[in-house]
Structures are given as C-alpha cells and as structure tokens.
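Have a look at the structure below before the remarks.
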Amino acid sequence: MKQMISLIRIKTMKDLLTLVIPLAGMLLTTYLMLQHFHNKSIEQNDSKIKSDKNNKFFPLQIQAYERIILFLERIDPSNMLIRTHKSGMTIESLHMALLKIIREEYTHNMSQQVFIDPNSWQILLNAKDETIQLINVAKNSLQSTSSSLDYSAKIFELIASKNISSAQYARNKIVKEFQESLKSNS
C-alpha cells in the first residue's frame, strides 16, 4: 500500500512537472516578448519626441539666436552712435537716448532666454552691462560743457582701447557656442 501511494505520488509529480515546466517556459517566453515590445515602444516614443522637438523647438531656437545677435548689433556703441547722434544734441540727451535704446532692445528680447543656452544668455547680459558701463564712464569723464561730439569721440576712444567692443566680443562668443551646439546635435 505504501509503495502504491509512493508510486501515485511519483506519477502525480511527473504529471505535475510535465505541466509546470512547459507552462513556466511559455510564461517566460511571453514575459520576454512583452518586455521586448515594451522597450521597442519606449524607444519609438523617445524617437518621436526627439523628432518633434527638432521640428518645433529648433526653429524657435535658431530665431532666438538670430534675435540676440541682432540685439548685440543694435547695442554696439558704434552702431548706436551712428543711428542716434544728431547735431545739436547735448551730452545728457545723447546719453539718455543711448540708455533708452539698450533698455528697449533688452526688454524686446528678454523672452529669448527661454530658447538659448544659459551661458549664452549670461554672455549677453555681461555685454549689455559692460556697454552701459562704457557709456556712463565716457559721460562721467567729460566736462559738463563738452559737446555730444566730444562724448561720441570719448566712447569711440574707450572702444578702441579695448580693441573690441563688449557687444562684438559677446556676438563672436555666442555664434561660436551656437555652431558648437549644432555640431553636437547632429
């Protein structure tokens, strides 16, 4: 009787193993297939997101870089003086006009910082601040009886002593950063 029970148990174990092993194999195969399809789906979604980013964000980023380069051109003291200086202006009126140009251009382009590298934005801020400082130093170094022509000449003299204006330096640096970012995104 004990032998019979033992034989039944062995047969039952064999039957059980005959069912469990193929079932475990099927479950493992199903799990691996689902995992593969899930990973492939995630890769496709990542690829689509990257593609959408390139198609939508990249043009805005290029436009932002164009606008900040234009901003730097517009606040370059040489360019501002050519556009702003009129005969008969006082030092004070020219000084205020130059500061107004910088303030208005900056306000107009502030939103571009969303689309550009933070380092590039910091370079732009430094150029803006250094340009304001140059304009103020030039004004403060002259007598109150000096003409706006003397003021313009002093600004040109300060720029010449630096070899390159802050705006030109910033423009060159930002263009280089942008070109490097294009290479790394390719």
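Chain identifiers are assigned as A, B, and so on, following the order in which chains appear in the structure tokens; residues are numbered from 1 within each chain, and ligands are numbered from 1 in order of appearance.
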Tell me which protein, DNA and RNA residues are within 9 Å of Asn119 (chain A), counting only C-alpha atoms, leaving out same-chain ones fewer than 4 positions away, and put them as a PyMOL selection string. chain A and resi 123-124+174+177
Contacts of Val175 (chain A) within 9 Å, only C-alpha atoms, excl. fewer than 5 positions in-chain, as a compact mmCIF listing (two decimals) with N, CA, C and O atoms, in the first residue's frame:
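Saved as selection-v6.txt:
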```
# COMPACT_ATOMS: atom_id res chain seq x y z
N TYR A 65 18.48 82.84 -31.37
CA TYR A 65 19.89 83.21 -31.55
C TYR A 65 20.03 84.36 -32.56
O TYR A 65 20.84 85.26 -32.36
N ILE A 69 21.66 88.03 -31.56
CA ILE A 69 22.78 88.58 -32.34
C ILE A 69 22.40 89.98 -32.85
O ILE A 69 23.20 90.91 -32.80
N ALA A 170 30.78 89.48 -27.33
CA ALA A 170 29.67 88.60 -26.99
C ALA A 170 29.09 87.94 -28.24
O ALA A 170 28.79 86.74 -28.24
N GLU A 180 28.84 75.25 -32.18
CA GLU A 180 29.25 74.03 -31.49
C GLU A 180 28.04 73.20 -31.09
O GLU A 180 28.07 71.98 -31.15
```
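Remark: for His85 (chain A), the closest of the candidate residues A:Phe58, A:Leu125, A:Ala97, A:Met33 is A:Ala97 (distances computed over only C-alpha atoms).
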Would you mind listing what lies within 12 Å of region 162-164 of chain A as an MDAnalysis selection string, with only C-alpha atoms counted and same-chain residues fewer than 6 positions away left out? chainID A and resid 76:78 127 130:131 134 155:156 170:172
For Ser144 (chain A): contacts at 8 Å, only C-alpha atoms, fewer than 2 positions along chain excluded, given as a compact mmCIF listing (two decimals) with N, CA and C atoms, in the first residue's frame:
```txt
# COMPACT_ATOMS: atom_id res chain seq x y z
N ILE A 91 25.15 116.33 -24.33
CA ILE A 91 25.68 115.07 -23.80
C ILE A 91 24.56 114.31 -23.09
N LEU A 142 33.89 113.42 -18.95
CA LEU A 142 33.89 114.69 -19.68
C LEU A 142 33.37 115.83 -18.80
N SER A 146 31.20 119.98 -22.33
CA SER A 146 31.61 119.27 -23.55
C SER A 146 30.41 119.05 -24.46
```
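Atom to atom, CA of Thr84 (chain A) and CA of Ala153 (chain A) stand 13.9 Å apart.
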Near Leu60 (chain A), counting only C-alpha atoms, which residues have an atom at most 12 Å away, once you skip same-chain residues fewer than 3 positions from it, shown as a ChimeraX atom specification? /A:53-57,63-67,111-116
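Separating CA of Ala160 (chain A) from CA of Phe178 (chain A) is a distance of 27.2 Å.
Proximity to Lys176 (chain A) was assessed for A:Lys154, A:His95, A:Ser120, A:Lys139 counting only C-alpha atoms; the smallest distance is recorded for A:Ser120.
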Nearest candidate to Tyr151 (chain A) (options A:Met110, A:Met89, A:Met26, A:Leu99; using only C-alpha atoms): A:Met89
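Here CA of Arg74 (chain A) is placed at a distance of 10.1 Å from CA of Tyr106 (chain A).
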